[in-house]
Amino acid sequence: MSTMSMAAALNAALRNRMEADPKVLVMGLDVGKLGGVFRITDGLQKDFGEDRVIDAPLGESGILGSAVGLAIRGYRPVCEIQFDGFVYPAFDQIVCQLAKFHNRSLGQVKMPITVRIPYGGGIGAVEHHSESPEAYFAHTAGLKVVTCSNPSDAYWMLRQSIECDDPVIFFEPKRRYWAKGEVDTDATPAALHKAHVIRPGRDATLVAYGPMVATALDAARAAAQDGSELEVIDLRSLSPLDTDTVVQSVQKTGRLVIVHEASVTLGMGAEVAARVQERAFFSLEAPILRVGGFDTPYPASRIEEEWLPDVDRILDAVDRALAY
């Protein structure tokens with residue numbers, strides 16, 4: 001057991017898989033000598049060489065297209081998209097090639113590609129650097145979509161994603177990169193697509209993922225001071241969704257508030273709410289509520305804290321659910 005930041009945990013996971021499998025490659029803009037803009041790939045090119053840690057030209061579509069070709073030839077590429085808003089030029093390769101090749105080849109061709117995407121706001125960045133595009137990819141059949149919220153999950157979920165024979169979109173909450181936590185690299189990890197109850201409670205269920213998990217926990221601690229015990233669930237996997245864990249919690253608490261940074265309309269919260277009302281309708285004591293970003297483009301950095309969900313907005317939704 002050791003204490004490390006999420007960034008260090010991701011680096012350790014990449015190093016572990018590259019040591020274990022010579023077919024694992026790392027590709028992306030500035031991932032080599034620089035070690036990535038967030039230093040997630042720091043030191044890997046020095047230790048594994050330029051043929052396995054590839055500094056790609058500026059062109060996300062080319063990075064993903066090359067990875068698809070390498071996967072067909074038996075490699076296991078890990079692509080880094082430098083920022084969330086830069087993934088859109090690669091969208092065609094991801095949804096038209098990466099997501100469909102296994103099905104198109106009747107299962108003969110696997111696509112063991114992991115696409116790492118730093119996402120979300122909270123770092124005061126400029127336009128195109130603070131987006132939450134997870135719903136686009138979770139909507140695309142053929143892709144697995146996961147996101148970590150702490151260093152331990154960062155380490156194990158990235159290892160499991162690289163080992164997976166299916167394409168995985170791996171979202172990394174960039175504002176949590178430097179948060180530290182304990183990582184047991186000898187542990188037996190939980191299943192990649194299993195949600196976790198990270199704080200038990202009886203009065204209402206809070207569901208969050210990625211960067212919002214820490215905020216949801218802060219809200220639960222604040223609510224406890226007023227006598228309300230909130231159960232907090234970290235979804236971890238957005239496709240497939242572990243609906244069972246959420247339903248079991250709602251059957252106990254009777255109330256559900258879903259939190260994410262992405263805009264509310266047609267976000268992940270809509271899918272979770274639809275599934276819960278279908279399976280736990282008679283357990284609900286109040287309407288399911290969603291707390292998320294507003295339906296506007298991501299704002300200028302000087303006002304992003306007004307845009308992002310915070311403890312007050314979460315507690316306001318919890319109060320409305322409890323008062324219903």
# chains A, B, ... in the order shown; residues from 1 in each chain; ligands from 1

call {"tool": "residues_around", "arguments": {"residues": "Trp156 of chain A", "least_positions_apart": "2", "cutoff": "12 Å", "atoms": "only C-alpha atoms", "output": "ChimeraX atom specification"}}
result
/A:6,9-14,16-17,146-154,158-163,170,183-193,236

call {"tool": "residues_around", "arguments": {"residues": "His128 of chain A", "least_positions_apart": "6", "cutoff": "8 Å", "atoms": "only C-alpha atoms", "output": "list in words"}}
result
Phe83, Asp84, Gly85 and Phe86 of chain A

call {"tool": "residues_around", "arguments": {"residues": "Asp218 of chain A", "least_positions_apart": "4", "cutoff": "12 Å", "atoms": "only C-alpha atoms", "output": "JSON, numbers by chain"}}
result
{"A": [199, 206, 212, 213, 214, 222, 223, 224, 225, 230, 232, 310, 311, 312, 313, 314, 315]}

call {"tool": "closest_residue", "arguments": {"among": "A:Ala135, A:Ala7, A:Val250, A:Glu80", "to": "Arg175 of chain A", "atoms": "only C-alpha atoms"}}
result
A:Ala7

call {"tool": "atom_distance", "arguments": {"atom1": "atom CA of Ala125 of chain A", "atom2": "atom CA of Thr265 of chain A"}}
result
23.6 Å

call {"tool": "closest_residue", "arguments": {"among": "A:Ile117, A:Ala179, A:Ala195, A:Leu217", "to": "Thr3 of chain A", "atoms": "only C-alpha atoms"}}
result
A:Ala179

call {"tool": "decode", "arguments": {"residues": "segment 145-177 of chain A", "atoms": "N, CA and C atoms", "output": "compact mmCIF listing (two decimals), in the first residue's frame"}}
result
# COMPACT_ATOMS: atom_id res chain seq x y z
N VAL A 145 -17.26 2.87 -21.60
CA VAL A 145 -16.92 4.22 -21.12
C VAL A 145 -16.82 4.17 -19.61
N VAL A 146 -15.66 4.56 -19.07
CA VAL A 146 -15.45 4.54 -17.62
C VAL A 146 -14.79 5.84 -17.19
N THR A 147 -14.86 6.11 -15.89
CA THR A 147 -14.18 7.29 -15.34
C THR A 147 -13.81 7.02 -13.89
N CYS A 148 -12.66 7.49 -13.49
CA CYS A 148 -12.18 7.26 -12.12
C CYS A 148 -12.37 8.52 -11.28
N SER A 149 -12.41 8.35 -9.97
CA SER A 149 -12.58 9.50 -9.08
C SER A 149 -11.50 9.57 -8.01
N ASN A 150 -10.62 8.57 -7.95
CA ASN A 150 -9.59 8.53 -6.89
C ASN A 150 -8.37 7.77 -7.42
N PRO A 151 -7.22 7.89 -6.76
CA PRO A 151 -6.01 7.26 -7.28
C PRO A 151 -6.10 5.73 -7.39
N SER A 152 -6.73 5.07 -6.43
CA SER A 152 -6.81 3.61 -6.48
C SER A 152 -7.59 3.15 -7.71
N ASP A 153 -8.75 3.77 -7.94
CA ASP A 153 -9.52 3.42 -9.14
C ASP A 153 -8.75 3.80 -10.41
N ALA A 154 -8.05 4.93 -10.38
CA ALA A 154 -7.27 5.34 -11.55
C ALA A 154 -6.28 4.24 -11.93
N TYR A 155 -5.59 3.72 -10.92
CA TYR A 155 -4.59 2.68 -11.19
C TYR A 155 -5.24 1.41 -11.72
N TRP A 156 -6.23 0.92 -10.99
CA TRP A 156 -6.79 -0.39 -11.37
C TRP A 156 -7.68 -0.32 -12.60
N MET A 157 -8.45 0.74 -12.71
CA MET A 157 -9.36 0.82 -13.87
C MET A 157 -8.59 1.01 -15.16
N LEU A 158 -7.47 1.76 -15.12
CA LEU A 158 -6.67 1.91 -16.35
C LEU A 158 -6.01 0.59 -16.72
N ARG A 159 -5.50 -0.13 -15.73
CA ARG A 159 -4.95 -1.46 -16.03
C ARG A 159 -5.99 -2.36 -16.67
N GLN A 160 -7.18 -2.39 -16.07
CA GLN A 160 -8.25 -3.26 -16.59
C GLN A 160 -8.69 -2.82 -17.99
N SER A 161 -8.69 -1.51 -18.23
CA SER A 161 -9.09 -1.01 -19.55
C SER A 161 -8.09 -1.45 -20.61
N ILE A 162 -6.81 -1.34 -20.29
CA ILE A 162 -5.78 -1.73 -21.27
C ILE A 162 -5.83 -3.23 -21.53
N GLU A 163 -6.16 -4.02 -20.51
CA GLU A 163 -6.26 -5.47 -20.68
C GLU A 163 -7.50 -5.89 -21.45
N CYS A 164 -8.48 -5.00 -21.55
CA CYS A 164 -9.77 -5.34 -22.18
C CYS A 164 -9.61 -5.46 -23.69
N ASP A 165 -10.28 -6.43 -24.30
CA ASP A 165 -10.23 -6.61 -25.75
C ASP A 165 -11.21 -5.69 -26.48
N ASP A 166 -12.03 -4.98 -25.74
CA ASP A 166 -12.97 -4.03 -26.34
C ASP A 166 -12.40 -2.60 -26.24
N PRO A 167 -12.84 -1.70 -27.11
CA PRO A 167 -12.40 -0.30 -26.99
C PRO A 167 -12.99 0.34 -25.74
N VAL A 168 -12.14 1.05 -24.99
CA VAL A 168 -12.56 1.71 -23.75
C VAL A 168 -12.23 3.19 -23.84
N ILE A 169 -13.22 4.03 -23.60
CA ILE A 169 -13.00 5.47 -23.47
C ILE A 169 -12.80 5.73 -21.98
N PHE A 170 -11.61 6.19 -21.62
CA PHE A 170 -11.22 6.33 -20.21
C PHE A 170 -11.14 7.81 -19.87
N PHE A 171 -12.15 8.30 -19.15
CA PHE A 171 -12.19 9.72 -18.80
C PHE A 171 -11.48 9.95 -17.47
N GLU A 172 -10.56 10.94 -17.49
CA GLU A 172 -9.78 11.28 -16.30
C GLU A 172 -10.16 12.69 -15.83
N PRO A 173 -10.66 12.84 -14.60
CA PRO A 173 -11.04 14.17 -14.11
C PRO A 173 -9.82 15.03 -13.83
N LYS A 174 -9.53 15.94 -14.73
CA LYS A 174 -8.23 16.63 -14.67
C LYS A 174 -8.05 17.45 -13.39
N ARG A 175 -9.15 17.95 -12.81
CA ARG A 175 -8.97 18.75 -11.60
C ARG A 175 -8.68 17.89 -10.37
N ARG A 176 -8.75 16.55 -10.54
CA ARG A 176 -8.42 15.65 -9.43
C ARG A 176 -7.06 14.97 -9.63
N TYR A 177 -6.33 15.36 -10.67
CA TYR A 177 -5.06 14.69 -10.96
C TYR A 177 -4.10 14.71 -9.78
